[in-house]
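Novice: Attaching a single structure in C-alpha cells format; questions to follow.
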Amino acid sequence: MGPVAVATYKRFVYERGGALDRSQRPHQDFCFDNKINTMCGGVSVAAAHVSSSSSNSRVGSAEGGKKVINLDHGDPTMYEEYWRRVGEKSTIAIRGWESMSYFSDAENLCWFLEPELAKQIARLHGLVGNAVTRDRHIVVGTGSTQLFQAVLYALSSPPPPPHPSHHHPISVVSATPYYSSYPSMTDYLKSGLYKWDGDAYAFNKDEPYIEFVTSPNNPDGFIRQPVVNRSGGTVVYDLAYYWPQYTPITSLSDHDLMLFTVSKSTGHAGTRIGWALVKDKEVARKMTEFIVLNTIGVSKDSQLRAAKILQVISDSCEYLAYPEDLESFFNYAYFQMTDRWERLRDAVRCSGLFSVPEFLPQFCNYIGGFTEPHPAFAWLKCEGDIQDCESFLRENNIITRSGKHFGMEAKYVRISMLDRNEIFNLFTERLSNISL
C-alpha cells in the first residue's frame with residue numbers, strides 16, 4: 001500500500017487511541033450532498049441522503065411505514081454507485097468466437113480456471129494481505145455455494161479400493177450462530193457421504209468431522225476460530241468477509257482450505273464467481289472433479305468479468321492507473337460501512353428497543369492503523385419482552401431473517417447492511433422511530 005493510500009485511509013482510522021468523529025472527517029463530495037439531523041429522544045441521527053444516478057427520487061419519510069423494506073438477503077447493491085463512477089474502465093468485450101472451448105488451461109489441475117482470473121486473485125490477495133496464495137491450488141466455482149458442495153465431496157469421498165468400502169456419513173458442523181444456509185446446503189443432495197450435525201460447540205463424537213469456520217462470522221461479524229478440538233477432523237475457512245471494509249486485516253490467513261467470493265468482496269453477486277485456495281493437491285483435484293460432474297466447469301464469461309473487476313480494484317488501490325478520477329475501492333467501501341454502522345447505532349439508541357454487538361478496534365495491516373469491524377450484516381437483538389424479533393419488525397414492514405435459522409433464539413435477527421442508500425436511509429429512520 002503506497003503512502004498516498006495510507007494517508008487517505010488514516011482519515012478514517014483510530015488515532016491516538018480515539019476515533020475520528022464526524023467533524024474531523026474531510027468532506028466526501030462524491031458521496032453525500034447533504035445531511036439531515038433528525039432528533040429522537042435527544043439523540044441526533046445523521047440521516048444522510050445519498051445521491052444516486054439510479055433514481056430521480058429518494059425514499060423519504062413521506063412514505064411512512066407503507067413501503068416494505070426487505071433486508072433478509074445480503075444483496076450487495078450498495079456498491080453500485082462506485083461501479084457507476086468507474087464506468088467504462090470496468091467494461092470488457094467478448095467477441096462471438098472467443099471463450100468457446102470448455103478448456104481454459106489444459107495443463108492446470110483446475111483446467112477450466114481462466115489464467116487471467118488466477119493472476120488477478122493472487123494480485124489482490126497480495127495487495128490486501130489477507131490470504132496466502134503461494135503454493136496453493138486455485139479452484140474456481142459458481143459462487144462459494146458450489147465450492148461448499150465441492151469441499152464436502154472432496155473431504156468425505158471414501159478411499160478407492162482396495163481400502164474398506166464401508167463408509168459412515170461424515171458430520172458437518174459449525175459454531176452457533178452459524179450461516180443459515182449451511183444446514184440446507186449440506187443436506188440438499190441427501191448424500192450418504194456427509195450430513196449436517198449442528199452446533200460445533202455440542203459436537204463430541206469420536207469420529208471424522210468437517211468444521212466450517214466463517215470469519216468474520218455471518219451473521220454476527222466476530223472473528224472465529226475452530227471450536228471442535230478432536231482428532232480426525234478437517235477445518236474449512238469461509239473468508240467471504242475477510243476484506244478491509246468489513247474487518248481489520250490482522251494477519252495473513254494461511255490455512256489448508258479457504259473460500260472467497262466476489263459477491264461480498266466487490267459487490268458483484270450476479271457474476272456468480274467464487275474461489276478456493278487449497279493446499280492439498282488431492283483435495284483440489286476432487287473439488288475440481290465435483291465441479292466437472294456438476295456443471296462441466298465454470299462460465300468463462302463470468303470469470304473474465306470477475307478478472308476485470310479484480311484488476312480495477314487492485315489498480316485503484318495502488319493508484320497506478322487512475323490517480324485523479326478514481327478513489328480506492330476499499331477506501332470507498334470502508335467509508336460507506338463506517339458511516340452505515342454509525343447511523344445504525346444511532347437508530348438503535350433512539351429506539352431503545354434493540355441492541356447490536358460491540359466490537360473492539362484492532363490494528364489493520366492493510367490500512368496501517370486501528371479500525372473497528374463494520375460487518376456486512378447486523379446481528380440485532382430485540383430487548384425486553386419482545387420474544388420474536390422477526391415478527392415484531394415485520395409488523396413495521398421490515399423483513400429480516402430470524403435467529404432461529406442461525407441456531408439461535410428468536411430474539412435475534414440478521415439484517416443486511418449492503419442495500420442501496422435510499423433503502424438503508426429509510427430503514428434507519430424507521431428503526432429509530434419504532435415503539436411498543
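Naming works like this for the C-alpha cells: A, B, ... for the chains as they're shown, residue 1 at the start of each chain, ligands 1 onward in shown order.
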If we count only C-alpha atoms and set the cut-off at 8 Å, which residues sit around region 132-149 of chain A, ignoring sequence neighbours fewer than 3 positions away in its own chain? Please answer as a ChimeraX atom specification.

Specialist: /A:109-110,113,118,122,125-126,129,152-153,185-186,252-254,259-263,272-281,284,287-288,291,297-299

Novice: Tell me which protein, DNA and RNA residues are within 9 Å of Tyr79 (chain A), counting only C-alpha atoms, leaving out same-chain ones fewer than 3 positions away, and put them as a list in words.

Specialist: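 Those residues are Pro76, Tyr82, Trp83, Arg84, Thr266, Gly267, His268, Ala333, Leu418, Asp419 and Arg420 of chain A.
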
Novice: Could you pull out all residues of region 190-420 of chain A with a DSSP call of strand (DSSP E) and give them as a PyMOL selection string?

Specialist: chain A and resi 194-199+209-214+233-238+257-261+274-278+354-355+362-364+369-371+377-382+398-399+401-402+412-416

Novice: At a cut-off of 10 Å, can you tabulate as CSV every residue of region 264-353 of chain A near region 370-373 of chain A together with its closest atom pair and the distance in Å to one decimal, using only C-alpha atoms and ordering rows by chain then number?

Specialist:
residue,atom,partner,partner_atom,distance
A:Tyr334,CA,A:Pro373,CA,9.7
A:Met337,CA,A:Pro373,CA,9.1
A:Thr338,CA,A:Glu372,CA,8.5
A:Trp341,CA,A:Pro373,CA,9.4

Novice: Could you go through region 271-356 of chain A and tell me which residues DSSP, when run on the backbone, assigns to helix (DSSP H, G or I), listing them as number ranges by chain?

Specialist: A: 271, 281-295, 300-318, 329-351

Novice: Tell me which of A:Pro248, A:Gly221, A:Gly232, A:Gly96 sits closest to Asn130 (chain A), counting only C-alpha atoms.

Specialist: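 Between A:Pro248, A:Gly221, A:Gly232, A:Gly96, the residue approaching Asn130 (chain A) most closely is A:Pro248.
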
Novice: Considering only C-alpha atoms, state which residue in the set A:Pro219, A:Pro208, A:Pro115, A:Gly233 is at the smallest distance from Pro357 (chain A).

Specialist: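 Among the listed residues, the smallest separation from Pro357 (chain A) belongs to A:Pro219.
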
Novice: Just give me the gap between CA of Pro169 (chain A) and CA of Met408 (chain A) in Å, one decimal is fine.

Specialist: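 If I compute the distance from CA of Pro169 (chain A) to CA of Met408 (chain A), I get 25.3 Å.
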
Novice: Please measure the separation of CA of Arg224 (chain A) and CA of Leu239 (chain A), giving the value in Å to one decimal.

Specialist: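 Taking CA of Arg224 (chain A) as the start and CA of Leu239 (chain A) as the end point, the length is 10.2 Å.
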
Novice: Show which residues sit within 12 Å of Phe222 (chain A), as a VMD selection string. Count only C-alpha atoms, and ignore same-chain residues fewer than 2 positions away.

Specialist: chain A and resid 175 to 178 213 to 220 224 to 225 239 241 to 242 246 to 248 357 to 361 372 to 379

Novice: Show me, as a PDB file with N, CA and C atoms, in the first residue's frame, the residues that have an atom within 8 Å of Leu117 (chain A) when counting only C-alpha atoms, minus same-chain residues fewer than 2 positions from it.

Specialist:
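Final file, part18.pdb:
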ATOM      1  N   LEU A 113     -10.204 -23.008 -15.063  1.00  0.00           N
ATOM      2  CA  LEU A 113      -9.874 -21.724 -14.448  1.00  0.00           C
ATOM      3  C   LEU A 113      -9.166 -20.828 -15.456  1.00  0.00           C
ATOM      4  N   GLU A 114      -9.731 -19.647 -15.708  1.00  0.00           N
ATOM      5  CA  GLU A 114      -9.118 -18.698 -16.623  1.00  0.00           C
ATOM      6  C   GLU A 114      -7.807 -18.168 -16.026  1.00  0.00           C
ATOM      7  N   PRO A 115      -6.701 -18.226 -16.762  1.00  0.00           N
ATOM      8  CA  PRO A 115      -5.409 -17.748 -16.236  1.00  0.00           C
ATOM      9  C   PRO A 115      -5.449 -16.307 -15.751  1.00  0.00           C
ATOM     10  N   LYS A 119      -4.495 -14.919 -12.022  1.00  0.00           N
ATOM     11  CA  LYS A 119      -3.494 -13.850 -11.851  1.00  0.00           C
ATOM     12  C   LYS A 119      -4.045 -12.723 -10.983  1.00  0.00           C
ATOM     13  N   GLN A 120      -5.279 -12.291 -11.255  1.00  0.00           N
ATOM     14  CA  GLN A 120      -5.852 -11.169 -10.518  1.00  0.00           C
ATOM     15  C   GLN A 120      -6.230 -11.561  -9.085  1.00  0.00           C
ATOM     16  N   ILE A 121      -6.612 -12.809  -8.864  1.00  0.00           N
ATOM     17  CA  ILE A 121      -6.879 -13.284  -7.498  1.00  0.00           C
ATOM     18  C   ILE A 121      -5.611 -13.201  -6.666  1.00  0.00           C
ATOM     19  N   GLN A 303     -15.962 -15.516 -15.447  1.00  0.00           N
ATOM     20  CA  GLN A 303     -14.582 -15.450 -14.954  1.00  0.00           C
ATOM     21  C   GLN A 303     -13.841 -14.237 -15.504  1.00  0.00           C
ATOM     22  N   LEU A 304     -14.021 -13.969 -16.782  1.00  0.00           N
ATOM     23  CA  LEU A 304     -13.322 -12.843 -17.395  1.00  0.00           C
ATOM     24  C   LEU A 304     -13.837 -11.511 -16.845  1.00  0.00           C
ATOM     25  N   ALA A 306     -15.097 -11.146 -13.804  1.00  0.00           N
ATOM     26  CA  ALA A 306     -14.562 -11.065 -12.447  1.00  0.00           C
ATOM     27  C   ALA A 306     -13.097 -10.659 -12.455  1.00  0.00           C
ATOM     28  N   ALA A 307     -12.331 -11.187 -13.405  1.00  0.00           N
ATOM     29  CA  ALA A 307     -10.915 -10.825 -13.507  1.00  0.00           C
ATOM     30  C   ALA A 307     -10.743  -9.330 -13.753  1.00  0.00           C
TER      31      ALA A 307
END

Novice: Ranking A:Leu127, A:Val151, A:Gly403, A:Glu318 by minimum distance to Asn365 (chain A) and counting only C-alpha atoms, which one comes first?

Specialist: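 Counting only C-alpha atoms, the residue closest to Asn365 (chain A) is A:Leu127.
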